[in-house]
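Student: What follows is target-v3.cif; its format and atoms are mmCIF, C-alpha atoms; chains and numbers go by the auth columns.
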data_target
loop_
_atom_site.group_PDB
_atom_site.id
_atom_site.type_symbol
_atom_site.label_atom_id
_atom_site.label_comp_id
_atom_site.label_asym_id
_atom_site.label_seq_id
_atom_site.Cartn_x
_atom_site.Cartn_y
_atom_site.Cartn_z
_atom_site.B_iso_or_equiv
_atom_site.auth_seq_id
_atom_site.auth_asym_id
ATOM 1 C CA MET A 1 -16.635 -5.012 21.265 0.00 1104 Q
ATOM 2 C CA PRO A 2 -13.295 -3.954 22.839 0.00 1105 Q
ATOM 3 C CA ASP A 3 -13.276 -2.789 26.438 0.00 1106 Q
ATOM 4 C CA PRO A 4 -12.934 1.039 26.299 0.00 1107 Q
ATOM 5 C CA VAL A 5 -10.686 0.949 29.363 0.00 1108 Q
ATOM 6 C CA THR A 6 -8.122 -1.313 27.701 0.00 1109 Q
ATOM 7 C CA ALA A 7 -8.665 -0.470 24.018 0.00 1110 Q
ATOM 8 C CA PRO A 8 -5.503 0.853 22.364 0.00 1111 Q
ATOM 9 C CA LEU A 9 -5.324 4.418 21.121 0.00 1112 Q
ATOM 10 C CA HIS A 10 -6.348 4.664 17.482 0.00 1113 Q
ATOM 11 C CA VAL A 11 -3.982 6.509 15.135 0.00 1114 Q
ATOM 12 C CA LEU A 12 -4.954 7.537 11.606 0.00 1115 Q
ATOM 13 C CA VAL A 13 -1.912 7.839 9.327 0.00 1116 Q
ATOM 14 C CA ALA A 14 -2.423 9.792 6.078 0.00 1117 Q
ATOM 15 C CA GLU A 15 0.730 9.224 4.026 0.00 1118 Q
ATOM 16 C CA ASP A 16 1.058 8.740 0.276 0.00 1119 Q
ATOM 17 C CA GLU A 17 4.457 7.022 0.448 0.00 1120 Q
ATOM 18 C CA ALA A 18 3.337 3.405 0.861 0.00 1121 Q
ATOM 19 C CA LEU A 19 6.585 2.027 2.307 0.00 1122 Q
ATOM 20 C CA ALA A 20 6.817 4.813 4.882 0.00 1123 Q
ATOM 21 C CA ALA A 21 3.159 4.314 5.840 0.00 1124 Q
ATOM 22 C CA MET A 22 3.552 0.550 6.239 0.00 1125 Q
ATOM 23 C CA ALA A 23 6.743 0.934 8.290 0.00 1126 Q
ATOM 24 C CA LEU A 24 4.997 3.425 10.557 0.00 1127 Q
ATOM 25 C CA GLU A 25 1.978 1.125 10.878 0.00 1128 Q
ATOM 26 C CA ASP A 26 4.224 -1.782 11.855 0.00 1129 Q
ATOM 27 C CA PHE A 27 6.183 0.272 14.400 0.00 1130 Q
ATOM 28 C CA LEU A 28 3.133 1.853 16.039 0.00 1131 Q
ATOM 29 C CA SER A 29 1.235 -1.451 16.117 0.00 1132 Q
ATOM 30 C CA ARG A 30 4.152 -3.066 17.938 0.00 1133 Q
ATOM 31 C CA LYS A 31 4.007 -0.190 20.445 0.00 1134 Q
ATOM 32 C CA GLY A 32 0.349 -0.906 21.208 0.00 1135 Q
ATOM 33 C CA PHE A 33 -1.531 1.492 18.939 0.00 1136 Q
ATOM 34 C CA ARG A 34 -4.363 0.563 16.588 0.00 1137 Q
ATOM 35 C CA VAL A 35 -3.415 2.047 13.214 0.00 1138 Q
ATOM 36 C CA THR A 36 -5.509 2.942 10.179 0.00 1139 Q
ATOM 37 C CA LEU A 37 -3.711 3.896 6.959 0.00 1140 Q
ATOM 38 C CA ALA A 38 -4.894 6.300 4.276 0.00 1141 Q
ATOM 39 C CA GLN A 39 -3.103 7.054 0.996 0.00 1142 Q
ATOM 40 C CA ASP A 40 -4.128 10.722 0.910 0.00 1143 Q
ATOM 41 C CA GLY A 41 -6.182 13.333 2.698 0.00 1144 Q
ATOM 42 C CA GLN A 42 -9.450 12.378 1.021 0.00 1145 Q
ATOM 43 C CA GLU A 43 -9.122 8.749 2.069 0.00 1146 Q
ATOM 44 C CA GLY A 44 -7.996 9.907 5.515 0.00 1147 Q
ATOM 45 C CA LEU A 45 -11.149 11.973 5.934 0.00 1148 Q
ATOM 46 C CA GLU A 46 -13.312 9.061 4.756 0.00 1149 Q
ATOM 47 C CA ARG A 47 -11.608 6.657 7.162 0.00 1150 Q
ATOM 48 C CA TYR A 48 -11.896 9.151 10.032 0.00 1151 Q
ATOM 49 C CA SER A 49 -15.612 9.601 9.331 0.00 1152 Q
ATOM 50 C CA ALA A 50 -16.120 5.816 9.377 0.00 1153 Q
ATOM 51 C CA ASP A 51 -13.922 5.161 12.439 0.00 1154 Q
ATOM 52 C CA PRO A 52 -12.768 8.304 14.327 0.00 1155 Q
ATOM 53 C CA ALA A 53 -9.169 8.225 15.504 0.00 1156 Q
ATOM 54 C CA ASP A 54 -7.739 9.483 18.795 0.00 1157 Q
ATOM 55 C CA LEU A 55 -4.656 10.897 17.058 0.00 1158 Q
ATOM 56 C CA VAL A 56 -3.742 11.742 13.461 0.00 1159 Q
ATOM 57 C CA ILE A 57 -0.423 11.679 11.629 0.00 1160 Q
ATOM 58 C CA THR A 58 -0.415 13.345 8.234 0.00 1161 Q
ATOM 59 C CA ASP A 59 1.942 14.392 5.502 0.00 1162 Q
ATOM 60 C CA LEU A 60 1.306 17.773 3.860 0.00 1163 Q
ATOM 61 C CA ARG A 61 1.900 16.994 0.200 0.00 1164 Q
ATOM 62 C CA MET A 62 -0.451 14.261 -0.977 0.00 1165 Q
ATOM 63 C CA PRO A 63 -2.671 13.704 -4.025 0.00 1166 Q
ATOM 64 C CA ARG A 64 -6.422 14.439 -4.088 0.00 1167 Q
ATOM 65 C CA MET A 65 -6.539 16.247 -0.733 0.00 1168 Q
ATOM 66 C CA ASP A 66 -3.377 17.589 0.859 0.00 1169 Q
ATOM 67 C CA GLY A 67 -2.589 17.591 4.570 0.00 1170 Q
ATOM 68 C CA ARG A 68 -3.645 21.197 5.172 0.00 1171 Q
ATOM 69 C CA ALA A 69 -7.094 20.525 3.696 0.00 1172 Q
ATOM 70 C CA LEU A 70 -7.359 17.341 5.756 0.00 1173 Q
ATOM 71 C CA ILE A 71 -6.480 19.246 8.927 0.00 1174 Q
ATOM 72 C CA ARG A 72 -9.059 21.951 8.137 0.00 1175 Q
ATOM 73 C CA GLU A 73 -11.765 19.299 7.657 0.00 1176 Q
ATOM 74 C CA LEU A 74 -10.760 17.393 10.792 0.00 1177 Q
ATOM 75 C CA ARG A 75 -10.881 20.607 12.836 0.00 1178 Q
ATOM 76 C CA ILE A 76 -14.537 21.016 11.776 0.00 1179 Q
ATOM 77 C CA ARG A 77 -15.322 17.510 13.053 0.00 1180 Q
ATOM 78 C CA ALA A 78 -13.093 17.456 16.144 0.00 1181 Q
ATOM 79 C CA SER A 79 -11.489 20.769 17.070 0.00 1182 Q
ATOM 80 C CA GLY A 80 -9.271 19.287 19.786 0.00 1183 Q
ATOM 81 C CA LEU A 81 -8.020 16.270 17.824 0.00 1184 Q
ATOM 82 C CA PRO A 82 -4.231 15.929 18.337 0.00 1185 Q
ATOM 83 C CA ILE A 83 -2.409 16.011 14.986 0.00 1186 Q
ATOM 84 C CA LEU A 84 1.198 15.269 14.110 0.00 1187 Q
ATOM 85 C CA VAL A 85 2.390 16.621 10.764 0.00 1188 Q
ATOM 86 C CA MET A 86 5.437 14.984 9.218 0.00 1189 Q
ATOM 87 C CA THR A 87 6.693 16.694 6.100 0.00 1190 Q
ATOM 88 C CA GLY A 88 9.757 17.378 4.052 0.00 1191 Q
ATOM 89 C CA PHE A 89 8.128 20.477 2.573 0.00 1192 Q
ATOM 90 C CA LEU A 90 7.074 23.200 4.939 0.00 1193 Q
ATOM 91 C CA SER A 91 6.942 26.912 4.481 0.00 1194 Q
ATOM 92 C CA MET A 92 6.882 28.601 7.857 0.00 1195 Q
ATOM 93 C CA GLU A 93 5.574 31.869 6.411 0.00 1196 Q
ATOM 94 C CA ALA A 94 2.862 33.421 8.550 0.00 1197 Q
ATOM 95 C CA GLY A 95 -0.563 33.557 6.995 0.00 1198 Q
ATOM 96 C CA GLU A 96 -3.976 31.913 6.967 0.00 1199 Q
ATOM 97 C CA ASP A 97 -2.492 28.432 6.613 0.00 1200 Q
ATOM 98 C CA ASP A 98 0.388 28.942 9.050 0.00 1201 Q
ATOM 99 C CA LEU A 99 0.456 25.650 10.949 0.00 1202 Q
ATOM 100 C CA THR A 100 1.925 27.353 14.021 0.00 1203 Q
ATOM 101 C CA SER A 101 -1.179 29.491 14.608 0.00 1204 Q
ATOM 102 C CA ASP A 102 -3.503 28.751 17.523 0.00 1205 Q
ATOM 103 C CA ARG A 103 -6.391 27.735 15.263 0.00 1206 Q
ATOM 104 C CA TRP A 104 -4.565 24.521 14.277 0.00 1207 Q
ATOM 105 C CA GLN A 105 -3.762 23.383 17.828 0.00 1208 Q
ATOM 106 C CA PRO A 106 -3.146 20.825 19.181 0.00 1209 Q
ATOM 107 C CA LEU A 107 -0.664 20.193 16.374 0.00 1210 Q
ATOM 108 C CA VAL A 108 3.045 19.360 16.169 0.00 1211 Q
ATOM 109 C CA VAL A 109 5.104 19.659 12.983 0.00 1212 Q
ATOM 110 C CA LEU A 110 8.165 17.466 12.414 0.00 1213 Q
ATOM 111 C CA ARG A 111 10.424 17.672 9.397 0.00 1214 Q
ATOM 112 C CA LYS A 112 11.210 14.442 7.557 0.00 1215 Q
ATOM 113 C CA PRO A 113 13.165 12.308 7.964 0.00 1216 Q
ATOM 114 C CA VAL A 114 11.896 11.553 11.478 0.00 1217 Q
ATOM 115 C CA SER A 115 13.013 8.658 13.623 0.00 1218 Q
ATOM 116 C CA PRO A 116 10.327 6.253 14.843 0.00 1219 Q
ATOM 117 C CA GLN A 117 11.265 7.035 18.467 0.00 1220 Q
ATOM 118 C CA VAL A 118 10.671 10.777 17.940 0.00 1221 Q
ATOM 119 C CA ILE A 119 7.283 9.968 16.387 0.00 1222 Q
ATOM 120 C CA LEU A 120 6.404 7.748 19.356 0.00 1223 Q
ATOM 121 C CA ASP A 121 7.555 10.356 21.882 0.00 1224 Q
ATOM 122 C CA THR A 122 5.576 13.087 20.102 0.00 1225 Q
ATOM 123 C CA LEU A 123 2.413 10.967 19.896 0.00 1226 Q
ATOM 124 C CA THR A 124 2.744 10.111 23.580 0.00 1227 Q
ATOM 125 C CA SER A 125 3.107 13.803 24.473 0.00 1228 Q
ATOM 126 C CA LEU A 126 0.097 14.742 22.341 0.00 1229 Q
ATOM 127 C CA ALA A 127 -1.964 11.956 23.916 0.00 1230 Q
ATOM 128 C CA GLU A 128 -1.004 12.996 27.444 0.00 1231 Q
ATOM 129 C CA ALA A 129 -1.784 16.662 26.716 0.00 1232 Q
ATOM 130 C CA ALA A 130 -5.218 15.615 25.426 0.00 1233 Q
ATOM 131 C CA ASN A 131 -5.779 13.378 28.494 0.00 1234 Q
ATOM 132 C CA LEU A 132 -5.836 10.259 26.333 0.00 1235 Q
ATOM 133 C CA ARG A 133 -4.556 6.974 27.731 0.00 1236 Q
ATOM 134 C CA PRO A 134 -1.044 6.166 26.570 0.00 1237 Q
ATOM 135 C CA ALA A 135 -0.698 3.086 24.391 0.00 1238 Q
#
So that I can check it, write out the structure of this file as structure tokens.
Tutor:
Amino acid sequence: MPDPVTAPLHVLVAEDEALAAMALEDFLSRKGFRVTLAQDGQEGLERYSADPADLVITDLRMPRMDGRALIRELRIRASGLPILVMTGFLSMEAGEDDLTSDRWQPLVVLRKPVSPQVILDTLTSLAEAANLRPA
């Protein structure tokens, strides 16, 4: 069993674009994170239930269960779980599913395309804000 003091932060990535997911997994792994991939929100929720992550990265538009539904379900399980949303499709209209509302926090939304360094910097900021050890 890994030493909890030195264990890397675990990131769940829910992304239906396989090449983007694998590139992100490779980049984050090289930066010291433990990464779990999921092809959609449903698989992401299943993987989180089996092995809870410290941080989550999700797309919004995915098959079976979209990112908003995944976030809603994760908030039930872990209300303070830091989440990074990366999407090319985002309506910023206020309403029940407005991702900028307090009920979704802690959450950061980035519009695709996003550079790996911006993703890393954002994850690091989310981890620090949640008092998680940096990778």
Student: Give me the result of the PyMOL selection byres ((chain Q and resi 1135-1140) around 6) on this file, residue by residue, as JSON, numbers by chain.
Tutor: {"Q": [1111, 1112, 1113, 1114, 1115, 1116, 1128, 1131, 1132, 1133, 1134, 1141, 1238]}
Student: I need the residue nearest Q:Leu1235 from this list: Q:Leu1213, Q:Leu1184, Q:Met1168, Q:Ile1174. Use all atoms listed in the file for the distance.
Tutor: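 Going through Q:Leu1213, Q:Leu1184, Q:Met1168, Q:Ile1174 one by one, the smallest distance to Q:Leu1235 is for Q:Leu1184.
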Student: Would you list the contacts of Q:Ala1233 as a ChimeraX atom specification, taking every protein, DNA or RNA residue within 10 Å and counting all atoms listed in the file, but skipping same-chain residues closer than 6 positions in sequence?
Tutor: /Q:1157-1158,1183-1185,1209,1227
Student: Can you write just those residues out, C-alpha atoms, as an mmCIF file, in the frame of the given file?
Tutor:
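Final file, out-v7.cif:
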data_model
loop_
_atom_site.group_PDB
_atom_site.id
_atom_site.type_symbol
_atom_site.label_atom_id
_atom_site.label_comp_id
_atom_site.auth_asym_id
_atom_site.auth_seq_id
_atom_site.Cartn_x
_atom_site.Cartn_y
_atom_site.Cartn_z
ATOM 1 C CA ASP Q 1157 -7.739 9.483 18.795
ATOM 2 C CA LEU Q 1158 -4.656 10.897 17.058
ATOM 3 C CA GLY Q 1183 -9.271 19.287 19.786
ATOM 4 C CA LEU Q 1184 -8.020 16.270 17.824
ATOM 5 C CA PRO Q 1185 -4.231 15.929 18.337
ATOM 6 C CA PRO Q 1209 -3.146 20.825 19.181
ATOM 7 C CA THR Q 1227 2.744 10.111 23.580
#
Student: Please write as a ChimeraX atom specification the full residue list that the PyMOL selection byres ((chain Q and resi 1119-1123) around 12) yields on this file.
Tutor: /Q:1116-1118,1124-1130,1140-1147,1160-1170,1189-1190,1215-1219
Student: Nearest to Q:Leu1223 among Q:Leu1148, Q:Ile1179, Q:Leu1187, Q:Pro1155, with distances taken over all atoms listed in the file: which residue is it?
Tutor: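 The closest residue to Q:Leu1223 is Q:Leu1187.
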Student: Which distance in Å separates atom CA of Q:Asp1154 and atom CA of Q:Arg1171, to one decimal?
Tutor: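 Separation of atom CA of Q:Asp1154 and atom CA of Q:Arg1171: 20.4 Å.
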Student: What is the distance, in Å and to one decimal place, between atom CA of Q:Ile1186 and atom CA of Q:Leu1226?
Tutor: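 Answer for the atom CA of Q:Ile1186 to atom CA of Q:Leu1226 separation: 8.5 Å.
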Student: Choose the residue, out of Q:Val1188, Q:Ala1110, Q:Ala1172, Q:Leu1177, that has the smallest atom-to-atom separation from Q:Thr1225; count all atoms listed in the file.
Tutor: Q:Val1188
Student: Given all atoms listed in the file as the basis, pick out the residue of Q:Val1211, Q:Gly1191, Q:Glu1149, Q:Ala1156 nearest to Q:Glu1176.
Tutor: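 The answer is Q:Glu1149, which sits nearest to Q:Glu1176.
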Student: Any idea what the distance is between atom CA of Q:Leu1229 and atom CA of Q:Ser1152?
Tutor: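 Distance reported for this atom pair: 21.0 Å.
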